$ cat work-v1.txt   # compact mmCIF, C-alpha atoms and all ligand atoms
# COMPACT_ATOMS: atom_id res chain seq x y z
CA MET Z 1 -15.37 -88.53 82.14
CA ASP Z 2 -15.60 -85.94 79.38
CA ALA Z 3 -11.97 -84.93 79.98
CA SER Z 4 -10.77 -88.49 79.42
CA ASP Z 5 -13.09 -89.19 76.45
CA ALA Z 6 -11.06 -89.63 73.24
CA LEU Z 7 -14.18 -88.93 71.14
CA ALA Z 8 -14.99 -85.64 72.91
CA PRO Z 9 -13.29 -83.45 70.25
CA ILE Z 10 -15.53 -84.97 67.53
CA ARG Z 11 -18.43 -82.92 68.94
CA ASP Z 12 -16.87 -79.88 67.21
CA ARG Z 13 -17.71 -81.49 63.87
CA PHE Z 14 -21.41 -80.80 64.60
CA VAL Z 15 -23.59 -77.72 64.97
CA LEU Z 16 -24.89 -77.88 68.55
CA ASP Z 17 -25.70 -75.30 71.21
CA ASP Z 18 -24.33 -75.48 74.71
CA ASP Z 19 -27.65 -74.69 76.39
CA THR Z 20 -29.33 -77.82 75.02
CA ALA Z 21 -28.68 -81.48 75.81
CA TYR Z 22 -29.66 -83.02 72.48
CA LEU Z 23 -30.66 -86.65 73.12
CA ASP Z 24 -32.78 -87.25 70.05
CA GLY Z 25 -30.07 -88.21 67.59
CA ASN Z 26 -31.73 -91.64 67.34
CA SER Z 27 -34.58 -89.86 65.57
CA LEU Z 28 -32.81 -87.03 63.73
CA GLY Z 29 -29.02 -86.72 63.97
CA ALA Z 30 -27.52 -83.25 64.49
CA LEU Z 31 -26.18 -81.22 61.57
CA PRO Z 32 -22.52 -81.94 60.73
CA ARG Z 33 -20.54 -78.75 60.10
CA ALA Z 34 -19.32 -79.98 56.72
CA VAL Z 35 -22.81 -80.13 55.22
CA PRO Z 36 -23.91 -76.49 54.65
CA GLY Z 37 -20.78 -75.48 52.71
CA ARG Z 38 -20.84 -78.64 50.64
CA ILE Z 39 -24.51 -78.24 49.73
CA ALA Z 40 -23.99 -74.56 48.89
CA ASP Z 41 -21.27 -75.66 46.46
CA VAL Z 42 -23.41 -78.44 44.97
CA ILE Z 43 -26.18 -75.94 44.31
CA ALA Z 44 -24.15 -72.96 43.11
CA ARG Z 45 -21.42 -74.70 41.13
CA GLU Z 46 -22.38 -78.28 40.33
CA TRP Z 47 -26.00 -77.53 39.55
CA GLY Z 48 -25.84 -73.77 38.86
CA GLU Z 49 -22.79 -73.74 36.61
CA LEU Z 50 -22.04 -77.26 35.42
CA ARG Z 51 -25.69 -78.26 35.14
CA ILE Z 52 -26.11 -81.54 33.18
CA ARG Z 53 -22.33 -82.09 33.07
CA SER Z 54 -22.38 -82.80 36.80
CA TRP Z 55 -23.95 -86.23 36.27
CA THR Z 56 -20.50 -87.32 35.09
CA GLU Z 57 -18.04 -84.54 36.00
CA SER Z 58 -19.25 -84.15 39.59
CA GLY Z 59 -19.85 -87.87 40.10
CA TRP Z 60 -23.59 -87.59 40.58
CA TRP Z 61 -24.40 -90.74 38.63
CA THR Z 62 -22.18 -92.99 40.73
CA ALA Z 63 -23.05 -91.39 44.09
CA PRO Z 64 -25.39 -94.21 45.27
CA GLU Z 65 -22.61 -96.83 45.11
CA ARG Z 66 -19.82 -94.46 46.21
CA ILE Z 67 -21.71 -93.39 49.32
CA GLY Z 68 -22.77 -96.99 49.96
CA ASP Z 69 -19.06 -97.83 50.13
CA LYS Z 70 -18.60 -95.08 52.74
CA ILE Z 71 -21.34 -96.52 54.95
CA ALA Z 72 -20.12 -100.10 54.43
CA PRO Z 73 -17.26 -100.11 57.00
CA LEU Z 74 -19.64 -98.83 59.69
CA ILE Z 75 -21.88 -101.88 59.24
CA GLY Z 76 -19.15 -104.42 58.56
CA ALA Z 77 -19.54 -104.72 54.79
CA ALA Z 78 -16.88 -104.85 52.09
CA PRO Z 79 -17.12 -102.42 49.14
CA GLY Z 80 -19.75 -103.22 46.50
CA ARG Z 81 -22.40 -104.50 48.88
CA VAL Z 82 -24.29 -101.36 49.86
CA VAL Z 83 -26.23 -98.95 47.66
CA VAL Z 84 -27.85 -95.72 48.86
CA GLY Z 85 -31.20 -94.40 47.67
CA ASP Z 86 -34.95 -94.31 48.37
CA SER Z 87 -36.46 -94.50 51.86
CA THR Z 88 -36.06 -97.34 54.34
CA SER Z 89 -39.66 -98.33 53.67
CA VAL Z 90 -38.96 -98.71 49.93
CA ASN Z 91 -35.77 -100.68 50.62
CA ILE Z 92 -37.69 -103.01 52.95
CA PHE Z 93 -39.99 -103.74 50.02
CA LYS Z 94 -37.04 -104.47 47.72
CA ALA Z 95 -35.38 -106.68 50.33
CA VAL Z 96 -38.48 -108.67 51.30
CA VAL Z 97 -39.75 -109.31 47.76
CA GLY Z 98 -36.19 -109.88 46.50
CA GLY Z 99 -35.63 -112.29 49.39
CA VAL Z 100 -38.84 -114.23 48.74
CA ARG Z 101 -37.83 -114.59 45.08
CA MET Z 102 -34.55 -116.19 46.19
CA ALA Z 103 -36.15 -118.48 48.78
CA GLY Z 104 -36.95 -122.17 48.27
CA LYS Z 105 -40.00 -123.18 46.24
CA GLY Z 106 -41.99 -124.72 49.10
CA CYS Z 107 -41.90 -121.62 51.32
CA THR Z 108 -45.25 -120.38 52.57
CA GLU Z 109 -44.47 -117.70 55.13
CA ILE Z 110 -42.44 -114.68 56.19
CA LEU Z 111 -41.59 -114.10 59.85
CA VAL Z 112 -41.76 -110.48 60.99
CA ASP Z 113 -40.34 -109.17 64.25
CA ALA Z 114 -43.45 -108.81 66.46
CA THR Z 115 -41.90 -105.72 68.10
CA THR Z 116 -40.97 -104.06 64.82
CA PHE Z 117 -41.20 -100.40 63.91
CA PRO Z 118 -44.60 -100.36 62.17
CA THR Z 119 -43.53 -99.56 58.60
CA ASP Z 120 -41.59 -102.83 58.36
CA GLY Z 121 -44.71 -104.80 59.27
CA TYR Z 122 -46.96 -102.88 56.88
CA ILE Z 123 -44.59 -103.34 53.95
CA ALA Z 124 -43.91 -107.00 54.77
CA ARG Z 125 -47.64 -107.77 54.80
CA SER Z 126 -48.11 -106.12 51.41
CA ALA Z 127 -45.03 -107.90 50.03
CA ALA Z 128 -46.41 -111.20 51.34
CA ARG Z 129 -49.79 -110.59 49.71
CA MET Z 130 -48.10 -109.91 46.39
CA THR Z 131 -45.98 -113.05 46.58
CA GLY Z 132 -48.70 -115.36 47.95
CA LEU Z 133 -47.08 -115.92 51.35
CA ALA Z 134 -48.41 -115.49 54.88
CA VAL Z 135 -46.89 -113.22 57.50
CA ARG Z 136 -46.33 -114.51 61.02
CA PRO Z 137 -45.27 -112.06 63.77
CA VAL Z 138 -42.67 -113.57 66.11
CA GLU Z 139 -40.70 -112.04 69.00
CA PRO Z 140 -37.02 -111.86 67.97
CA ALA Z 141 -35.96 -114.10 70.87
CA ARG Z 142 -38.40 -116.79 69.62
CA ILE Z 143 -37.29 -116.83 65.98
CA ALA Z 144 -34.83 -119.69 66.44
CA ASP Z 145 -37.67 -121.84 67.83
CA GLU Z 146 -40.34 -120.73 65.38
CA VAL Z 147 -38.49 -120.87 62.03
CA THR Z 148 -39.40 -123.88 59.87
CA GLU Z 149 -38.48 -125.21 56.43
CA ARG Z 150 -41.53 -123.30 55.15
CA THR Z 151 -40.08 -119.94 56.23
CA ALA Z 152 -38.73 -117.88 53.32
CA LEU Z 153 -37.13 -115.19 55.48
CA ALA Z 154 -37.39 -113.24 58.69
CA LEU Z 155 -37.41 -109.45 58.81
CA VAL Z 156 -35.96 -108.32 62.14
CA ASN Z 157 -35.04 -104.96 63.73
CA HIS Z 158 -31.47 -105.03 65.05
CA VAL Z 159 -32.37 -102.61 67.86
CA ASP Z 160 -35.94 -102.17 69.11
CA TYR Z 161 -36.88 -98.52 68.44
CA ARG Z 162 -39.11 -98.39 71.52
CA THR Z 163 -37.10 -100.14 74.23
CA GLY Z 164 -33.55 -99.88 72.90
CA GLU Z 165 -33.08 -103.66 73.18
CA LEU Z 166 -30.35 -105.07 70.94
CA ASN Z 167 -31.34 -108.32 69.25
CA ASP Z 168 -28.79 -111.10 68.80
CA LEU Z 169 -27.97 -110.74 65.10
CA PRO Z 170 -25.34 -113.50 64.88
CA ALA Z 171 -27.48 -116.12 66.67
CA ILE Z 172 -30.76 -115.26 64.92
CA THR Z 173 -29.07 -115.17 61.49
CA HIS Z 174 -27.46 -118.54 62.19
CA ALA Z 175 -30.76 -120.08 63.30
CA LEU Z 176 -32.51 -118.84 60.17
CA HIS Z 177 -29.78 -120.24 57.94
CA SER Z 178 -29.92 -123.61 59.70
CA ALA Z 179 -33.59 -123.84 58.67
CA GLY Z 180 -32.83 -122.71 55.11
CA ALA Z 181 -34.36 -119.23 55.56
CA LEU Z 182 -32.86 -115.84 54.75
CA ALA Z 183 -32.09 -113.17 57.36
CA VAL Z 184 -33.21 -109.62 56.54
CA TRP Z 185 -32.11 -107.04 59.12
CA ASP Z 186 -33.31 -103.49 59.65
CA LEU Z 187 -30.36 -101.50 61.03
CA CYS Z 188 -32.10 -98.14 61.53
CA HIS Z 189 -31.28 -97.97 65.23
CA SER Z 190 -27.91 -99.72 65.19
CA ALA Z 191 -25.94 -98.40 62.22
CA GLY Z 192 -23.59 -95.70 63.48
CA ALA Z 193 -24.12 -96.70 67.12
CA LEU Z 194 -22.54 -100.15 67.34
CA PRO Z 195 -20.69 -102.71 65.19
CA VAL Z 196 -23.07 -104.76 63.03
CA GLY Z 197 -20.78 -107.21 61.22
CA LEU Z 198 -23.00 -107.93 58.20
CA ASP Z 199 -20.34 -109.80 56.20
CA ALA Z 200 -18.89 -111.62 59.22
CA HIS Z 201 -22.28 -112.99 60.24
CA HIS Z 202 -23.37 -113.85 56.67
CA VAL Z 203 -26.46 -111.63 56.78
CA ASP Z 204 -28.38 -111.97 53.52
CA LEU Z 205 -30.09 -108.61 53.13
CA ALA Z 206 -30.19 -105.48 55.24
CA VAL Z 207 -31.65 -102.00 55.13
CA GLY Z 208 -31.29 -98.88 57.23
CA CYS Z 209 -31.91 -95.19 57.30
CA THR Z 210 -29.19 -92.52 57.39
CA TYR Z 211 -30.87 -89.67 59.27
CA LYS Z 212 -30.54 -91.21 62.76
CA TYR Z 213 -27.03 -92.10 64.01
CA LEU Z 214 -25.52 -91.37 60.57
CA ASN Z 215 -26.65 -87.72 60.69
CA GLY Z 216 -27.56 -87.45 56.97
CA GLY Z 217 -30.36 -84.92 57.54
CA PRO Z 218 -34.16 -85.00 57.42
CA GLY Z 219 -35.33 -87.57 54.87
CA SER Z 220 -31.81 -88.46 53.75
CA PRO Z 221 -31.79 -91.59 51.58
CA ALA Z 222 -31.64 -95.08 53.07
CA TYR Z 223 -29.44 -98.00 52.01
CA LEU Z 224 -29.77 -101.59 50.90
CA TYR Z 225 -27.17 -104.30 51.55
CA VAL Z 226 -27.14 -107.52 49.53
CA ARG Z 227 -24.70 -110.29 50.46
CA GLU Z 228 -22.14 -110.71 47.67
CA SER Z 229 -22.97 -114.34 46.90
CA LEU Z 230 -26.67 -113.47 46.52
CA GLN Z 231 -26.27 -110.45 44.27
CA GLU Z 232 -26.43 -112.44 41.07
CA ARG Z 233 -29.78 -113.94 42.15
CA PHE Z 234 -31.24 -110.74 43.56
CA GLU Z 235 -34.25 -109.68 41.46
CA SER Z 236 -35.54 -106.28 42.49
CA PRO Z 237 -39.31 -105.84 42.51
CA LEU Z 238 -38.65 -102.24 41.40
CA PRO Z 239 -36.34 -102.71 38.39
CA GLY Z 240 -36.08 -99.06 37.37
CA TRP Z 241 -33.80 -97.87 34.59
CA ASN Z 242 -31.01 -96.94 37.02
CA SER Z 243 -30.61 -100.64 37.79
CA HIS Z 244 -30.34 -101.63 34.12
CA ALA Z 245 -27.04 -103.08 32.86
CA ASP Z 246 -26.88 -100.30 30.25
CA PRO Z 247 -29.26 -97.54 31.30
CA PHE Z 248 -28.45 -95.18 28.44
CA ALA Z 249 -29.08 -97.83 25.79
CA MET Z 250 -32.75 -97.12 26.52
CA ASP Z 251 -33.46 -100.75 25.79
CA PRO Z 252 -37.17 -101.68 25.99
CA GLY Z 253 -36.10 -105.03 27.47
CA TYR Z 254 -34.74 -105.24 31.01
CA THR Z 255 -31.30 -106.63 31.82
CA PRO Z 256 -30.18 -106.11 35.44
CA ALA Z 257 -26.81 -104.53 36.15
CA ASP Z 258 -24.16 -106.66 37.83
CA GLY Z 259 -23.57 -106.22 41.52
CA ILE Z 260 -25.23 -103.94 44.02
CA ARG Z 261 -26.29 -101.44 41.33
CA ARG Z 262 -29.32 -103.62 40.73
CA GLY Z 263 -30.66 -102.31 44.04
CA ARG Z 264 -31.15 -98.86 42.47
CA VAL Z 265 -34.51 -97.71 41.10
CA GLY Z 266 -34.79 -94.28 39.45
CA THR Z 267 -32.91 -90.98 39.40
CA PRO Z 268 -31.38 -90.45 42.85
CA ASP Z 269 -32.16 -87.42 45.03
CA ILE Z 270 -28.77 -85.83 44.56
CA LEU Z 271 -29.04 -82.96 47.07
CA SER Z 272 -29.89 -85.29 49.94
CA LEU Z 273 -27.36 -87.87 48.82
CA LEU Z 274 -24.53 -85.37 48.71
CA ALA Z 275 -25.54 -83.88 52.07
CA LEU Z 276 -25.25 -87.42 53.45
CA GLU Z 277 -21.84 -87.87 51.84
CA ALA Z 278 -20.58 -84.70 53.53
CA ALA Z 279 -22.18 -85.79 56.83
CA LEU Z 280 -20.23 -89.05 56.73
CA GLU Z 281 -16.98 -87.07 56.90
CA ALA Z 282 -17.72 -86.70 60.62
CA TRP Z 283 -16.60 -90.36 60.87
CA ASP Z 284 -13.09 -89.71 59.55
CA GLY Z 285 -10.62 -91.39 61.92
CA VAL Z 286 -13.39 -92.72 64.20
CA SER Z 287 -13.77 -96.45 64.82
CA ILE Z 288 -17.20 -97.96 65.41
CA GLU Z 289 -15.69 -99.96 68.30
CA ALA Z 290 -14.74 -96.71 70.07
CA VAL Z 291 -18.25 -95.41 69.45
CA ARG Z 292 -19.74 -98.56 70.97
CA ALA Z 293 -17.55 -98.32 74.07
CA LYS Z 294 -18.58 -94.71 74.62
CA SER Z 295 -22.24 -95.49 73.94
CA LEU Z 296 -22.28 -98.11 76.69
CA ALA Z 297 -20.45 -95.80 79.09
CA LEU Z 298 -22.95 -93.00 78.36
CA THR Z 299 -26.03 -95.17 78.84
CA ASP Z 300 -24.57 -96.77 82.01
CA PHE Z 301 -23.85 -93.32 83.40
CA PHE Z 302 -27.28 -91.97 82.47
CA LEU Z 303 -29.01 -94.92 84.22
CA GLU Z 304 -26.83 -94.34 87.28
CA CYS Z 305 -27.78 -90.64 87.33
CA VAL Z 306 -31.49 -91.45 86.90
CA ASN Z 307 -31.22 -93.72 89.95
CA ALA Z 308 -29.54 -90.96 91.89
CA TYR Z 309 -31.82 -88.07 90.91
CA VAL Z 310 -35.31 -89.41 90.20
CA PRO Z 311 -37.51 -90.26 93.20
CA PRO Z 312 -37.89 -94.05 93.34
CA GLY Z 313 -40.79 -95.77 91.59
CA LEU Z 314 -41.65 -93.00 89.10
CA VAL Z 315 -39.88 -94.39 86.06
CA ARG Z 316 -38.66 -97.84 85.11
CA SER Z 317 -36.01 -98.59 82.48
CA LEU Z 318 -37.25 -100.71 79.59
CA THR Z 319 -33.72 -100.88 78.22
CA PRO Z 320 -31.76 -104.00 79.17
CA HIS Z 321 -28.98 -103.58 81.72
CA ASP Z 322 -26.93 -106.28 80.06
CA HIS Z 323 -24.50 -104.64 77.61
CA GLN Z 324 -24.94 -107.49 75.12
CA ARG Z 325 -28.62 -106.62 74.81
CA ARG Z 326 -28.47 -102.82 74.82
CA GLY Z 327 -28.52 -100.43 71.86
CA SER Z 328 -27.64 -96.74 72.21
CA GLN Z 329 -30.75 -95.33 73.83
CA VAL Z 330 -32.43 -95.51 77.20
CA SER Z 331 -36.21 -95.82 77.36
CA LEU Z 332 -37.92 -95.03 80.62
CA ALA Z 333 -41.54 -96.06 81.19
CA CYS Z 334 -43.57 -93.65 83.34
CA SER Z 335 -45.28 -95.30 86.30
CA PRO Z 336 -49.08 -95.11 86.61
CA GLN Z 337 -48.45 -93.05 89.76
CA LEU Z 338 -47.32 -90.18 87.51
CA SER Z 339 -50.67 -90.07 85.70
CA ALA Z 340 -52.38 -88.67 88.79
CA ALA Z 341 -50.04 -85.67 88.81
CA PHE Z 342 -50.84 -84.57 85.28
CA ALA Z 343 -53.86 -83.05 83.62
CA GLN Z 344 -56.24 -85.84 82.69
CA GLY Z 345 -57.57 -85.98 79.19
CA ALA Z 346 -54.60 -84.03 77.88
CA ALA Z 347 -51.62 -85.57 76.06
CA PRO Z 348 -50.18 -88.80 77.52
CA VAL Z 349 -48.13 -88.30 80.68
CA ALA Z 350 -44.86 -89.18 78.97
CA GLY Z 351 -45.61 -86.55 76.32
CA GLN Z 352 -46.24 -83.91 78.98
CA VAL Z 353 -43.06 -84.85 80.86
CA MET Z 354 -41.04 -84.66 77.65
CA ASP Z 355 -42.54 -81.27 76.74
CA GLU Z 356 -41.37 -79.98 80.12
CA LEU Z 357 -37.89 -81.45 79.62
CA ILE Z 358 -37.65 -79.78 76.22
CA ARG Z 359 -38.70 -76.44 77.77
CA ARG Z 360 -35.74 -76.90 80.13
CA GLY Z 361 -33.27 -77.68 77.35
CA VAL Z 362 -33.25 -81.50 77.44
CA VAL Z 363 -34.42 -82.88 74.11
CA GLY Z 364 -35.51 -86.50 73.89
CA ASP Z 365 -38.84 -87.81 72.63
CA PHE Z 366 -41.73 -89.95 73.74
CA ARG Z 367 -43.43 -92.99 72.29
CA HIS Z 368 -46.93 -94.19 73.05
CA PRO Z 369 -48.19 -94.97 75.50
CA ASP Z 370 -45.78 -94.06 78.32
CA VAL Z 371 -42.17 -94.17 77.10
CA LEU Z 372 -39.56 -91.42 77.45
CA ARG Z 373 -36.73 -92.03 74.97
CA PHE Z 374 -33.20 -90.68 75.35
CA GLY Z 375 -30.83 -91.35 72.45
CA PHE Z 376 -27.06 -91.22 72.93
CA THR Z 377 -24.97 -90.37 69.87
CA PRO Z 378 -21.35 -90.95 70.94
CA LEU Z 379 -19.97 -88.64 68.24
CA TYR Z 380 -21.44 -85.61 69.97
CA THR Z 381 -23.20 -86.55 73.24
CA SER Z 382 -21.17 -85.69 76.35
CA PHE Z 383 -21.31 -87.21 79.81
CA ALA Z 384 -22.36 -83.76 81.00
CA ASP Z 385 -25.40 -84.01 78.68
CA ALA Z 386 -26.32 -87.34 80.26
CA GLU Z 387 -25.94 -85.98 83.81
CA ARG Z 388 -27.99 -82.90 82.97
CA ALA Z 389 -30.81 -84.89 81.37
CA ALA Z 390 -31.18 -87.12 84.44
CA ARG Z 391 -30.94 -84.14 86.81
CA VAL Z 392 -33.61 -82.16 84.96
CA LEU Z 393 -35.83 -85.26 84.80
CA GLY Z 394 -35.41 -85.61 88.57
CA GLU Z 395 -36.29 -81.92 89.06
CA VAL Z 396 -39.40 -82.15 86.88
CA LEU Z 397 -40.71 -85.34 88.47
CA GLY Z 398 -39.59 -84.54 92.02
CA ALA Z 399 -41.39 -81.19 91.92
CA LEU Z 400 -44.78 -82.74 91.20
CA PRO Z 401 -46.92 -82.23 94.33
CA ASP Z 402 -48.45 -85.72 94.25
CA VAL Z 403 -45.20 -87.60 93.80
CA ALA Z 404 -42.61 -85.70 95.83
CA PRO Z 405 -41.01 -87.99 98.43
CA GLY Z 406 -43.01 -87.88 101.63
CA ALA Z 407 -45.95 -86.04 100.05
CA ALA Z 408 -49.37 -87.04 101.29
CA GLY Z 409 -51.11 -89.43 98.96
CA THR Z 410 -47.97 -90.94 97.49
CA GLY Z 411 -49.14 -94.43 96.77
CA GLY Z 412 -47.05 -97.56 96.24
C1 LIG G 501 -36.73 -95.02 61.54
C2 LIG G 501 -37.13 -96.37 61.09
C3 LIG G 501 -37.71 -96.56 59.83
C4 LIG G 501 -38.01 -95.39 58.97
O1 LIG G 501 -38.50 -95.70 57.70
P1 LIG G 501 -38.58 -94.54 56.61
O2 LIG G 501 -39.03 -95.21 55.40
O3 LIG G 501 -37.20 -93.93 56.53
O4 LIG G 501 -39.52 -93.51 57.12
C5 LIG G 501 -37.99 -97.87 59.43
N1 LIG G 501 -37.71 -98.93 60.24
C6 LIG G 501 -37.17 -98.76 61.46
C7 LIG G 501 -36.86 -99.95 62.32
C8 LIG G 501 -36.88 -97.48 61.93
O5 LIG G 501 -36.36 -97.32 63.14
$ encode --input "work-v1.txt" --output "structure tokens" --more "lines below"
Ligand SMILES: *Cc1c(COP(=O)(O)O)cnc(C)c1O
Amino acid sequence: MDASDALAPIRDRFVLDDDTAYLDGNSLGALPRAVPGRIADVIAREWGELRIRSWTESGWWTAPERIGDKIAPLIGAAPGRVVVGDSTSVNIFKAVVGGVRMAGKGCTEILVDATTFPTDGYIARSAARMTGLAVRPVEPARIADEVTERTALALVNHVDYRTGELNDLPAITHALHSAGALAVWDLCHSAGALPVGLDAHHVDLAVGCTYKYLNGGPGSPAYLYVRESLQERFESPLPGWNSHADPFAMDPGYTPADGIRRGRVGTPDILSLLALEAALEAWDGVSIEAVRAKSLALTDFFLECVNAYVPPGLVRSLTPHDHQRRGSQVSLACSPQLSAAFAQGAAPVAGQVMDELIRRGVVGDFRHPDVLRFGFTPLYTSFADAERAARVLGEVLGALPDVAPGAAGTGG
């Protein structure tokens, strides 16, 4: 499978070691080879020699929009609709408050994905308090039934960080629009792993981080997408001077810039931004459709290997089998039977299993209470990595005295 994989050569664009199967790119993407040299040059020449001149001569000032335009094709957006800067959490705040300000007068509530990554829920509740609205948690599959004319917007995760389930962005967006509500999508676990189609599906606002499948590095800046036809009405709750129509006029009165620049706040973190820009070169000549096809093949193959190698009943996939509903990770829940085999009172079983996998060169992560997560980044994950991860998992679990097939005391 690796020999016939057209994306296999892309792995050379990353710094990886052959004795590790790195399956945590959904948490922190691997280092692209282009980054260290680029950052060394930014520091030594652009900062060290050109100093203040680099804001114009090295293109620092326009980096948030320029790099937004580089991310745009990966999420199905035309140029001028994506701006990079700040964390995902901060961009969620801009999107939710900005969305409420654009919503109809009679709106009283915000719907929040009941399965969301926690930061989205925390920020949405604060944004709701500030705008006088209520927050109602709703499962993504229920949004179409629960949205009403009083709903200002729904904030939904495109892929569930815990289970890897892909939510139906076109259908949910359509249902929200039919009720007059806005659709705000968090793309943290989908951007760079599968086609998103923001423009095609008329998504209103979207945010996402760049350190997962986009490989921008630890804490690399996030992005904000605002649909073109809404940009003129978008009022940021954080109207910093970088979003002013004429920032260097130093005008005491605020006039927002035209277009996506009004999503900016203050001075951008240039080192992280330019590391991200270099990281995005790993996508040169790669189509997101090819990435999606490989992602599904990798996760199918991994599930097949888990079935073949892991004694039955010890783990259960939380990730949907249906391709239409699967992101780019596989989450395996540990059965209660495994608890008996591990030290009680210590870390959760899934944490102990993952520690052992990492000791044996298979790097995934675990999420409370019992979930083993394996992320598949098609730019650099091989089928051999997937086979190895399942084999080592089978070795670790199969070797446990209380769970080995045929061992006394193996309960149902
Ligand atoms: C990773 C992730 C975040 C991270 O937010 P930060 O502000 O970058 O820490 C937010 N939302 C979702 C859905 C995520 O998966």
$ atom_distance --input "work-v1.txt" --atom1 "atom CA of Leu182 of chain Z" --atom2 "atom CA of Leu205 of chain Z"
7.9 Å
$ residues_near_ligand --input "work-v1.txt" --ligand "ligand LIG 501 (chain G)" --cutoff "9 Å" --atoms "only C-alpha atoms and all ligand atoms" --output "ChimeraX atom specification"
/Z:26-27,86-92,116-120,156-162,186-189,207-212,219-222
$ closest_residue --input "work-v1.txt" --among "Z:Ala154, Z:Ala275, Z:Leu31, Z:Ala40" --to "Val138 of chain Z" --atoms "all atoms listed in the file"
Z:Ala154
$ atom_distance --input "work-v1.txt" --atom1 "atom CA of Ala95 of chain Z" --atom2 "atom CA of Pro73 of chain Z"
20.4 Å
$ residues_around --input "work-v1.txt" --residues "segment 281-284 of chain Z" --least-positions-apart "4" --cutoff "10 Å" --atoms "all atoms listed in the file" --output "ChimeraX atom specification"
/Z:10-14,32-35,70-71,74,192,214-215,276-277,288,379
$ closest_residue --input "work-v1.txt" --among "Z:Gly164, Z:Asp5, Z:Asp18, Z:Ile67" --to "Ser272 of chain Z" --atoms "all atoms listed in the file"
Z:Ile67
$ residues_near_point --input "work-v1.txt" --point "(-33.2, -106.9, 76.5)" --cutoff "9 Å" --atoms "only C-alpha atoms" --output "JSON, numbers by chain"
{"Z": [163, 164, 165, 166, 167, 318, 319, 320, 321, 322, 324, 325, 326]}
$ atom_distance --input "work-v1.txt" --atom1 "atom CA of Gly180 of chain Z" --atom2 "atom CA of Gly80 of chain Z"
25.0 Å
$ residues_around --input "work-v1.txt" --residues "Thr20 of chain Z" --least-positions-apart "6" --cutoff "8 Å" --atoms "all atoms listed in the file" --output "list of chain:residue names"
Z:Gly361, Z:Val362, Z:Val363
$ closest_residue --input "work-v1.txt" --among "Z:Pro79, Z:Gly327, Z:Gly216, Z:Pro256" --to "Gly375 of chain Z" --atoms "only C-alpha atoms"
Z:Gly327
$ residues_around --input "work-v1.txt" --residues "Arg391 of chain Z" --least-positions-apart "3" --cutoff "9 Å" --atoms "only C-alpha atoms" --output "ChimeraX atom specification"
/Z:305-306,308-310,386-388,394-396
$ closest_residue --input "work-v1.txt" --among "Z:Asp251, Z:Asp199, Z:Asp370, Z:Asp113" --to "Ser229 of chain Z" --atoms "all atoms listed in the file"
Z:Asp199
$ closest_residue --input "work-v1.txt" --among "Z:Glu232, Z:Glu289, Z:Glu139, Z:Glu46" --to "Asp168 of chain Z" --atoms "all atoms listed in the file"
Z:Glu139
$ residues_around --input "work-v1.txt" --residues "Ser328 of chain Z" --least-positions-apart "5" --cutoff "8 Å" --atoms "all atoms listed in the file" --output "VMD selection string"
chain Z and resid 164 189 to 190 193 to 194 295 to 296 299 375 to 377
$ write_last_selection --input "work-v1.txt" --atoms "C-alpha atoms" --output "PDB file, in the frame of the given file"
ATOM      1  CA  GLY Z 164     -33.550 -99.880  72.900  1.00  0.00           C
ATOM      2  CA  HIS Z 189     -31.280 -97.970  65.230  1.00  0.00           C
ATOM      3  CA  SER Z 190     -27.910 -99.720  65.190  1.00  0.00           C
ATOM      4  CA  ALA Z 193     -24.120 -96.700  67.120  1.00  0.00           C
ATOM      5  CA  LEU Z 194     -22.540-100.150  67.340  1.00  0.00           C
ATOM      6  CA  SER Z 295     -22.240 -95.490  73.940  1.00  0.00           C
ATOM      7  CA  LEU Z 296     -22.280 -98.110  76.690  1.00  0.00           C
ATOM      8  CA  THR Z 299     -26.030 -95.170  78.840  1.00  0.00           C
ATOM      9  CA  GLY Z 375     -30.830 -91.350  72.450  1.00  0.00           C
ATOM     10  CA  PHE Z 376     -27.060 -91.220  72.930  1.00  0.00           C
ATOM     11  CA  THR Z 377     -24.970 -90.370  69.870  1.00  0.00           C
TER      12      THR Z 377
END
$ build_atoms --input "work-v1.txt" --residues "segment 216-222 of chain Z" --atoms "N, CA and C atoms" --output "tab-separated table (two decimals), in the frame of the given file"
chain	number	residue	atom	x	y	z
Z	216	GLY	N	-27.46	-87.88	58.38
Z	216	GLY	CA	-27.56	-87.45	56.97
Z	216	GLY	C	-28.56	-86.33	56.72
Z	217	GLY	N	-29.40	-86.01	57.71
Z	217	GLY	CA	-30.36	-84.92	57.54
Z	217	GLY	C	-31.76	-85.44	57.31
Z	218	PRO	N	-32.76	-84.56	57.51
Z	218	PRO	CA	-34.16	-85.00	57.42
Z	218	PRO	C	-34.47	-85.65	56.07
Z	219	GLY	N	-34.96	-86.89	56.11
Z	219	GLY	CA	-35.33	-87.57	54.87
Z	219	GLY	C	-34.17	-87.99	54.01
Z	220	SER	N	-32.96	-88.03	54.56
Z	220	SER	CA	-31.81	-88.46	53.75
Z	220	SER	C	-32.03	-89.91	53.31
Z	221	PRO	N	-31.48	-90.27	52.14
Z	221	PRO	CA	-31.79	-91.59	51.58
Z	221	PRO	C	-31.28	-92.75	52.43
Z	222	ALA	N	-31.98	-93.86	52.34
Z	222	ALA	CA	-31.64	-95.08	53.07
Z	222	ALA	C	-30.67	-95.93	52.25
